[in-house]
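Okay, my_file07.cif is below, mmCIF, C-alpha atoms:
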```
data_model
#
loop_
_atom_site.label_atom_id
_atom_site.label_comp_id
_atom_site.auth_asym_id
_atom_site.auth_seq_id
_atom_site.Cartn_x
_atom_site.Cartn_y
_atom_site.Cartn_z
CA MET A 28 134.73 -72.12 22.81
CA SER A 29 133.51 -72.65 19.23
CA TYR A 30 135.03 -72.73 15.76
CA PHE A 31 133.24 -71.99 12.51
CA THR A 32 134.64 -73.86 9.51
CA LEU A 33 134.76 -71.78 6.35
CA SER A 34 134.30 -73.15 2.83
CA ASP A 35 138.08 -73.15 2.28
CA GLY A 36 138.60 -75.29 5.40
CA GLN A 37 139.97 -72.48 7.57
CA LYS A 38 138.47 -72.14 11.06
CA LEU A 39 137.38 -68.96 12.79
CA TYR A 40 137.10 -68.75 16.55
CA TYR A 41 133.83 -67.24 17.76
CA GLU A 42 131.71 -66.84 20.88
CA ASP A 43 127.92 -66.66 21.05
CA ARG A 44 126.97 -64.66 24.15
CA GLY A 45 123.71 -63.43 25.64
CA GLN A 46 120.17 -63.49 24.41
CA GLY A 47 117.53 -60.99 23.42
CA PRO A 48 115.49 -59.70 20.51
CA ASP A 49 118.54 -58.31 18.72
CA THR A 50 121.59 -60.03 17.28
CA VAL A 51 124.80 -58.00 17.21
CA VAL A 52 127.83 -59.19 15.24
CA MET A 53 130.91 -57.38 16.54
CA MET A 54 134.14 -57.22 14.54
CA HIS A 55 137.50 -56.17 15.95
CA GLY A 56 140.32 -54.16 14.44
CA TRP A 57 143.76 -54.92 13.02
CA THR A 58 146.02 -56.81 15.50
CA SER A 59 143.13 -57.00 18.00
CA SER A 60 140.76 -59.90 18.82
CA HIS A 61 137.28 -60.73 20.07
CA ASP A 62 138.57 -60.08 23.61
CA ILE A 63 137.95 -56.37 23.18
CA TYR A 64 134.19 -57.06 23.12
CA VAL A 65 133.98 -59.48 26.06
CA LYS A 66 133.04 -56.81 28.63
CA PRO A 67 130.47 -55.01 26.42
CA ALA A 68 128.90 -58.35 25.46
CA GLU A 69 128.66 -59.26 29.13
CA LEU A 70 126.93 -55.96 29.91
CA LEU A 71 124.47 -56.47 27.03
CA GLN A 72 123.76 -60.15 27.64
CA GLU A 73 120.14 -59.61 28.67
CA GLN A 74 119.43 -57.22 25.81
CA ALA A 75 121.06 -58.87 22.82
CA ARG A 76 122.69 -61.95 21.40
CA CYS A 77 126.29 -60.98 20.69
CA ILE A 78 128.44 -62.83 18.16
CA ILE A 79 132.10 -61.93 18.68
CA TYR A 80 134.81 -63.57 16.60
CA ASP A 81 138.43 -63.41 15.50
CA HIS A 82 139.34 -62.54 11.93
CA ARG A 83 141.80 -64.72 10.03
CA GLY A 84 145.29 -64.55 11.45
CA HIS A 85 144.10 -62.98 14.71
CA GLY A 86 143.69 -64.41 18.22
CA GLY A 87 141.92 -67.75 18.24
CA SER A 88 141.89 -67.70 14.44
CA LYS A 89 145.65 -67.20 14.17
CA GLU A 90 146.07 -70.51 12.34
CA ALA A 91 143.56 -69.45 9.68
CA ASN A 92 146.42 -67.96 7.70
CA ARG A 93 146.30 -69.54 4.26
CA GLY A 94 147.17 -67.29 1.32
CA ALA A 95 147.15 -63.49 1.38
CA PRO A 96 143.71 -62.42 2.65
CA THR A 97 142.24 -59.05 1.69
CA MET A 98 139.39 -57.00 3.08
CA GLU A 99 137.14 -58.73 0.56
CA THR A 100 138.22 -62.06 2.07
CA LEU A 101 137.12 -60.91 5.53
CA ALA A 102 133.78 -59.74 4.12
CA ALA A 103 133.28 -63.17 2.52
CA ASP A 104 134.13 -64.80 5.87
CA LEU A 105 131.50 -62.61 7.54
CA ASN A 106 128.91 -63.59 4.96
CA GLU A 107 129.64 -67.29 5.54
CA LEU A 108 129.35 -66.79 9.30
CA ILE A 109 126.01 -64.99 8.95
CA THR A 110 124.66 -67.66 6.61
CA GLY A 111 126.12 -70.62 8.50
CA LEU A 112 124.73 -69.49 11.86
CA SER A 113 121.38 -68.55 10.26
CA LEU A 114 121.56 -64.99 11.59
CA SER A 115 119.02 -62.33 10.59
CA ASN A 116 117.91 -58.83 11.62
CA ILE A 117 121.54 -58.15 12.46
CA THR A 118 123.13 -55.09 13.95
CA LEU A 119 126.51 -55.21 12.23
CA LEU A 120 129.18 -53.46 14.27
CA GLY A 121 132.75 -52.90 13.19
CA TRP A 122 135.51 -51.02 14.97
CA SER A 123 138.60 -49.85 13.05
CA MET A 124 139.42 -52.57 10.48
CA GLY A 125 136.11 -54.19 11.43
CA ALA A 126 134.29 -51.14 10.07
CA GLY A 127 136.17 -51.66 6.81
CA VAL A 128 134.83 -55.21 6.77
CA VAL A 129 131.31 -53.82 7.22
CA LEU A 130 131.67 -51.53 4.19
CA ASN A 131 133.09 -54.33 2.06
CA TYR A 132 130.22 -56.57 3.14
CA VAL A 133 127.71 -53.88 2.08
CA ARG A 134 129.39 -53.55 -1.32
CA LEU A 135 129.51 -57.30 -1.96
CA TYR A 136 126.34 -58.59 -0.28
CA GLY A 137 124.05 -55.63 0.38
CA CYS A 138 122.04 -54.96 3.53
CA GLY A 139 119.29 -57.57 3.16
CA ALA A 140 120.30 -59.46 6.32
CA LEU A 141 120.92 -56.30 8.33
CA LYS A 142 118.75 -54.22 10.64
CA ARG A 143 121.28 -51.48 11.32
CA ILE A 144 125.01 -50.67 11.13
CA VAL A 145 127.39 -49.25 13.75
CA LEU A 146 130.75 -47.98 12.48
CA CYS A 147 133.41 -47.24 15.11
CA ASP A 148 136.26 -44.78 14.58
CA MET A 149 137.17 -45.64 11.00
CA THR A 150 137.53 -43.80 7.71
CA PRO A 151 136.23 -45.17 4.40
CA LYS A 152 139.54 -44.17 2.75
CA GLN A 153 142.86 -44.37 4.60
CA LEU A 154 145.17 -42.72 2.09
CA ASN A 155 144.97 -38.94 2.00
CA ASP A 156 145.46 -36.86 -1.15
CA GLY A 157 144.83 -33.37 -2.46
CA GLU A 158 141.06 -33.74 -2.19
CA TRP A 159 140.70 -36.12 0.79
CA LYS A 160 142.00 -35.19 4.24
CA LEU A 161 139.88 -37.49 6.42
CA GLY A 162 142.19 -40.50 6.22
CA LEU A 163 144.79 -42.08 8.46
CA TYR A 164 146.81 -40.13 11.05
CA GLN A 165 144.55 -37.09 11.09
CA GLY A 166 144.77 -36.58 7.33
CA SER A 167 148.55 -36.76 7.01
CA TYR A 168 149.17 -40.29 5.65
CA THR A 169 149.58 -40.50 1.86
CA LYS A 170 150.43 -43.02 -0.85
CA GLU A 171 154.02 -41.81 -0.66
CA ASP A 172 154.11 -42.64 3.05
CA MET A 173 152.80 -46.13 2.32
CA GLU A 174 155.51 -46.68 -0.30
CA ARG A 175 158.15 -45.42 2.14
CA ASP A 176 156.86 -47.73 4.86
CA ALA A 177 157.23 -50.74 2.56
CA GLY A 178 160.97 -50.65 3.33
CA LYS A 179 160.58 -50.65 7.12
CA ASP A 180 160.67 -53.69 9.38
CA PHE A 181 157.25 -54.82 10.54
CA TYR A 182 157.74 -54.15 14.25
CA SER A 183 158.62 -50.50 13.56
CA LEU A 184 155.46 -50.08 11.50
CA TYR A 185 153.33 -51.67 14.20
CA LYS A 186 154.90 -49.48 16.87
CA GLU A 187 154.03 -46.35 14.87
CA PHE A 188 150.45 -47.57 14.56
CA ALA A 189 150.19 -48.45 18.26
CA VAL A 190 151.51 -45.05 19.35
CA GLY A 191 149.09 -43.36 16.96
CA ALA A 192 146.18 -45.37 18.37
CA ILE A 193 147.24 -44.89 22.00
CA PRO A 194 149.13 -41.56 22.27
CA ARG A 195 150.11 -42.11 25.92
CA LEU A 196 152.51 -44.82 24.72
CA LYS A 197 154.79 -42.02 23.52
CA LYS A 198 155.80 -41.46 27.14
CA ILE A 199 157.05 -45.05 27.57
CA PRO A 200 160.73 -45.67 26.69
CA GLY A 201 161.16 -47.84 23.63
CA PHE A 202 162.96 -50.63 25.48
CA LEU A 203 160.02 -50.93 27.91
CA LEU A 204 157.40 -50.75 25.18
CA LYS A 205 158.95 -53.44 23.00
CA LYS A 206 158.00 -56.45 25.16
CA PRO A 207 154.22 -55.78 25.41
CA LEU A 208 153.99 -54.86 21.74
CA LYS A 209 155.86 -58.02 20.74
CA GLU A 210 153.51 -60.06 22.94
CA LYS A 211 150.55 -58.45 21.20
CA LEU A 212 151.94 -59.32 17.78
CA ALA A 213 152.61 -62.89 18.90
CA ASN A 214 148.82 -63.42 18.97
CA CYS A 215 148.62 -62.76 15.24
CA ASP A 216 150.06 -64.11 12.01
CA GLU A 217 152.47 -61.52 10.62
CA ALA A 218 151.91 -62.39 6.95
CA VAL A 219 148.15 -61.98 7.38
CA LEU A 220 148.62 -58.63 9.14
CA LYS A 221 150.83 -57.33 6.33
CA SER A 222 148.36 -58.45 3.65
CA LEU A 223 145.36 -56.89 5.39
CA ALA A 224 147.20 -53.64 6.16
CA ARG A 225 148.03 -53.20 2.48
CA SER A 226 144.51 -54.10 1.41
CA MET A 227 142.98 -51.57 3.83
CA LYS A 228 145.23 -48.76 2.71
CA LEU A 229 144.48 -49.30 -0.97
CA GLN A 230 140.71 -49.25 -0.56
CA ASP A 231 138.26 -46.44 -1.18
CA ASN A 232 134.97 -47.42 0.45
CA ARG A 233 133.25 -44.08 0.02
CA PRO A 234 130.88 -45.46 -2.67
CA SER A 235 129.90 -48.28 -0.29
CA VAL A 236 128.70 -45.73 2.28
CA GLU A 237 126.15 -44.46 -0.25
CA GLN A 238 124.92 -48.03 -0.88
CA ILE A 239 123.79 -48.50 2.72
CA THR A 240 120.03 -49.05 3.08
CA VAL A 241 119.70 -49.38 6.90
CA PRO A 242 120.19 -46.85 9.73
CA VAL A 243 123.79 -46.02 10.67
CA THR A 244 125.42 -44.91 13.91
CA TYR A 245 129.00 -43.67 14.03
CA PHE A 246 131.02 -43.92 17.28
CA TYR A 247 134.19 -41.83 17.31
CA ALA A 248 136.91 -40.63 19.65
CA ASP A 249 137.79 -36.97 20.07
CA PRO A 250 140.52 -35.83 20.34
CA GLY A 251 142.35 -39.19 20.49
CA SER A 252 141.23 -40.74 17.21
CA LEU A 253 143.52 -41.83 14.38
CA PHE A 254 141.14 -39.83 12.20
CA SER A 255 139.64 -36.36 12.11
CA PRO A 256 136.43 -35.82 14.12
CA LYS A 257 135.13 -34.15 10.93
CA LEU A 258 134.52 -37.69 9.66
CA ALA A 259 131.32 -37.66 11.69
CA ASP A 260 130.09 -34.75 9.55
CA TRP A 261 131.21 -36.44 6.32
CA TYR A 262 129.19 -39.55 7.19
CA ALA A 263 126.19 -37.32 8.01
CA GLU A 264 126.37 -35.88 4.49
CA HIS A 265 126.86 -39.19 2.66
CA VAL A 266 124.92 -41.84 4.57
CA PRO A 267 121.55 -42.00 2.72
CA THR A 268 119.61 -43.43 5.69
CA PRO A 269 118.85 -42.20 9.25
CA TYR A 270 122.20 -41.37 10.83
CA ARG A 271 123.48 -40.53 14.29
CA ALA A 272 126.98 -39.78 15.62
CA VAL A 273 128.16 -40.51 19.17
CA CYS A 274 131.35 -38.91 20.48
CA PHE A 275 133.57 -40.58 23.09
CA PRO A 276 135.33 -37.58 24.69
CA GLU A 277 138.87 -37.98 25.98
CA SER A 278 139.10 -41.43 24.41
CA THR A 279 141.76 -42.83 22.09
CA HIS A 280 141.16 -44.90 18.97
CA MET A 281 140.75 -47.77 21.45
CA LEU A 282 137.38 -46.44 22.54
CA VAL A 283 135.90 -49.93 23.02
CA SER A 284 138.49 -50.88 25.65
CA ASP A 285 138.95 -47.33 26.99
CA TYR A 286 135.29 -47.08 28.00
CA PRO A 287 133.62 -50.51 27.78
CA GLU A 288 130.71 -49.44 30.02
CA LYS A 289 129.97 -46.34 27.93
CA PHE A 290 130.40 -48.40 24.76
CA ALA A 291 127.83 -50.94 25.99
CA GLU A 292 125.49 -48.16 27.16
CA GLU A 293 125.61 -46.36 23.83
CA LEU A 294 125.22 -49.58 21.86
CA GLY A 295 122.26 -50.50 24.06
CA ALA A 296 120.71 -47.12 23.23
CA VAL A 297 121.20 -47.82 19.51
CA LEU A 298 119.43 -51.17 19.88
CA ARG A 299 116.48 -49.54 21.67
CA ARG A 300 115.99 -46.81 19.07
#
```

Could you quickly redo this structure as structure tokens?
Amino acid sequence: MSYFTLSDGQKLYYEDRGQGPDTVVMMHGWTSSHDIYVKPAELLQEQARCIIYDHRGHGGSKEANRGAPTMETLAADLNELITGLSLSNITLLGWSMGAGVVLNYVRLYGCGALKRIVLCDMTPKQLNDGEWKLGLYQGSYTKEDMERDAGKDFYSLYKEFAVGAIPRLKKIPGFLLKKPLKEKLANCDEAVLKSLARSMKLQDNRPSVEQITVPVTYFYADPGSLFSPKLADWYAEHVPTPYRAVCFPESTHMLVSDYPEKFAEELGAVLRR
């Protein structure tokens, strides 16, 4: 158990697992935690050094909840972690919100410390419009939906997200679903979640994709993703470096926890390339 103290005094929980020629920094998604990477890190322990950590307001970093953090805040935290732990030749991996952190890091700090990037089931732009249909909820979520959601209670919003990410939850009666979802939320700071959700939805990271200077791999779920599988083709057209897409068939947006062995196997293949 370790904590990294940021320049503003807030502390991030992190774990340093495994050893090998490669260093992989793995970042979780919104309302998740480092726990999602424990199994893959265990499977990769002889091939790579894995840094897994909790973002502000999440899991072991729940108490790091000062102010109203944005995606840029999380990118700055990542930069401090990389610098403070003297990491180099990094494979930077982000799933869901974590992929958004990767793209913000590229925009703000470049790719000088990176060896490669792995983006997992995430769009560079969540809000859909007349010209962009590769955003949240299979291209259906718009600015108007975000404004409508501003009037809803937070649990209802989270439930909609959870059911979107894990479609099988639709079959569970609401009164049975409420307890586990509430327990999940209890591991996070609600104010931080709200701030980051808004920040994510307002971002357009498409220009950041074209600033990438290292190889990119995209892991995506089909048909269970929150986003269109056509995103894999969009990245192929806009990533300016060697690019590869890996599909996780019959998975949900939770592809890391749905298939941890396949996730580790595919990540191991990326590291060997």

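Of the residues under consideration (A:Tyr132, A:Tyr185, A:Tyr64, A:Tyr286), A:Tyr185 shows the shortest atom-to-atom contact distance to Lys209 in chain A when counting only C-alpha atoms.
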
| message | Using Å and a single decimal, report how far CA of Pro67 in chain A sits from CA of Leu298 in chain A. | response | 13.4 Å

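CA of Pro200 in chain A to CA of Ala213 in chain A spans 20.6 Å [interatomic distance, one decimal].
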
Which residues fall under the PyMOL selection byres ((chain A and resi 188) around 12) in this file, as a PDB file with C-alpha atoms, keeping the file's coordinate frame?
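Written out: part_6.pdb:
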```pdb
ATOM      1  CA  TRP A  57     143.760 -54.920  13.020  1.00  0.00           C
ATOM      2  CA  THR A  58     146.020 -56.810  15.500  1.00  0.00           C
ATOM      3  CA  LEU A 163     144.790 -42.080   8.460  1.00  0.00           C
ATOM      4  CA  TYR A 164     146.810 -40.130  11.050  1.00  0.00           C
ATOM      5  CA  TYR A 168     149.170 -40.290   5.650  1.00  0.00           C
ATOM      6  CA  ASP A 176     156.860 -47.730   4.860  1.00  0.00           C
ATOM      7  CA  PHE A 181     157.250 -54.820  10.540  1.00  0.00           C
ATOM      8  CA  TYR A 182     157.740 -54.150  14.250  1.00  0.00           C
ATOM      9  CA  SER A 183     158.620 -50.500  13.560  1.00  0.00           C
ATOM     10  CA  LEU A 184     155.460 -50.080  11.500  1.00  0.00           C
ATOM     11  CA  TYR A 185     153.330 -51.670  14.200  1.00  0.00           C
ATOM     12  CA  LYS A 186     154.900 -49.480  16.870  1.00  0.00           C
ATOM     13  CA  GLU A 187     154.030 -46.350  14.870  1.00  0.00           C
ATOM     14  CA  ALA A 189     150.190 -48.450  18.260  1.00  0.00           C
ATOM     15  CA  VAL A 190     151.510 -45.050  19.350  1.00  0.00           C
ATOM     16  CA  GLY A 191     149.090 -43.360  16.960  1.00  0.00           C
ATOM     17  CA  ALA A 192     146.180 -45.370  18.370  1.00  0.00           C
ATOM     18  CA  ILE A 193     147.240 -44.890  22.000  1.00  0.00           C
ATOM     19  CA  PRO A 194     149.130 -41.560  22.270  1.00  0.00           C
ATOM     20  CA  LEU A 196     152.510 -44.820  24.720  1.00  0.00           C
ATOM     21  CA  LYS A 197     154.790 -42.020  23.520  1.00  0.00           C
ATOM     22  CA  LEU A 208     153.990 -54.860  21.740  1.00  0.00           C
ATOM     23  CA  ALA A 224     147.200 -53.640   6.160  1.00  0.00           C
ATOM     24  CA  SER A 252     141.230 -40.740  17.210  1.00  0.00           C
ATOM     25  CA  LEU A 253     143.520 -41.830  14.380  1.00  0.00           C
ATOM     26  CA  HIS A 280     141.160 -44.900  18.970  1.00  0.00           C
ATOM     27  CA  MET A 281     140.750 -47.770  21.450  1.00  0.00           C
TER      28      MET A 281
END
```

| query | Can you list what the PyMOL selection byres ((chain A and resi 127) around 8) grabs from this structure, as a list in words? | reply |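 Selected by the PyMOL selection byres ((chain A and resi 127) around 8) here: Met98, Gly121, Ser123, Met124, Gly125, Ala126, Val128, Val129, Leu130, Asn131, Met149, Pro151, Met227 and Asn232 of chain A.
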
| request: Go through A:Met173, A:Cys274, A:Val65, A:Leu33 one by one, measure the shortest atom-to-atom distance of each to Asn106 in chain A using all atoms listed in the file, and give the residue with the smallest value. | output: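 Once distances to Asn106 in chain A are computed over all atoms listed in the file, the minimum belongs to A:Leu33.
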
| Which is closer to Asp81 in chain A than all the others in A:Lys179, A:His55, A:Lys257, A:Arg93, using only C-alpha atoms? |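 Looking only at the distances to Asp81 in chain A, the closest residue turns out to be A:His55.
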
| Between CA of Leu101 in chain A and CA of Leu223 in chain A, distance in Å (one decimal) |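 For CA of Leu101 in chain A relative to CA of Leu223 in chain A, the distance reads 9.2 Å.
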
| field | Nearest to Glu210 in chain A, chosen from A:Gly166, A:Ser59, A:Lys228, A:Glu171, with all atoms listed in the file counted in the distances | value | A:Ser59

| task | Write out as a list in words each polymer residue whose atoms come within 9 Å of Lys66 in chain A, counting all atoms listed in the file; drop sequence neighbours fewer than 6 positions from it. | result | Ser284, Pro287, Glu288 and Ala291 of chain A

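Here the question is which of A:Arg44, A:Arg134, A:Lys211, A:Lys160 gets nearest to Ser255 in chain A using only C-alpha atoms, and that residue is A:Lys160.
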
| message | Counting only C-alpha atoms, which residues have an atom no more than 9 Å from (116.5, -54.1, 18.9) in the file's coordinates? Please list them as a PyMOL selection string. | response | chain A and resi 47-50+74-75+116+118+142+295+297-300

Would you output that residue set with C-alpha atoms, as a tab-separated table (two decimals), in the frame of the given file?
```tsv
chain	number	residue	atom	x	y	z
A	47	GLY	CA	117.53	-60.99	23.42
A	48	PRO	CA	115.49	-59.70	20.51
A	49	ASP	CA	118.54	-58.31	18.72
A	50	THR	CA	121.59	-60.03	17.28
A	74	GLN	CA	119.43	-57.22	25.81
A	75	ALA	CA	121.06	-58.87	22.82
A	116	ASN	CA	117.91	-58.83	11.62
A	118	THR	CA	123.13	-55.09	13.95
A	142	LYS	CA	118.75	-54.22	10.64
A	295	GLY	CA	122.26	-50.50	24.06
A	297	VAL	CA	121.20	-47.82	19.51
A	298	LEU	CA	119.43	-51.17	19.88
A	299	ARG	CA	116.48	-49.54	21.67
A	300	ARG	CA	115.99	-46.81	19.07
```
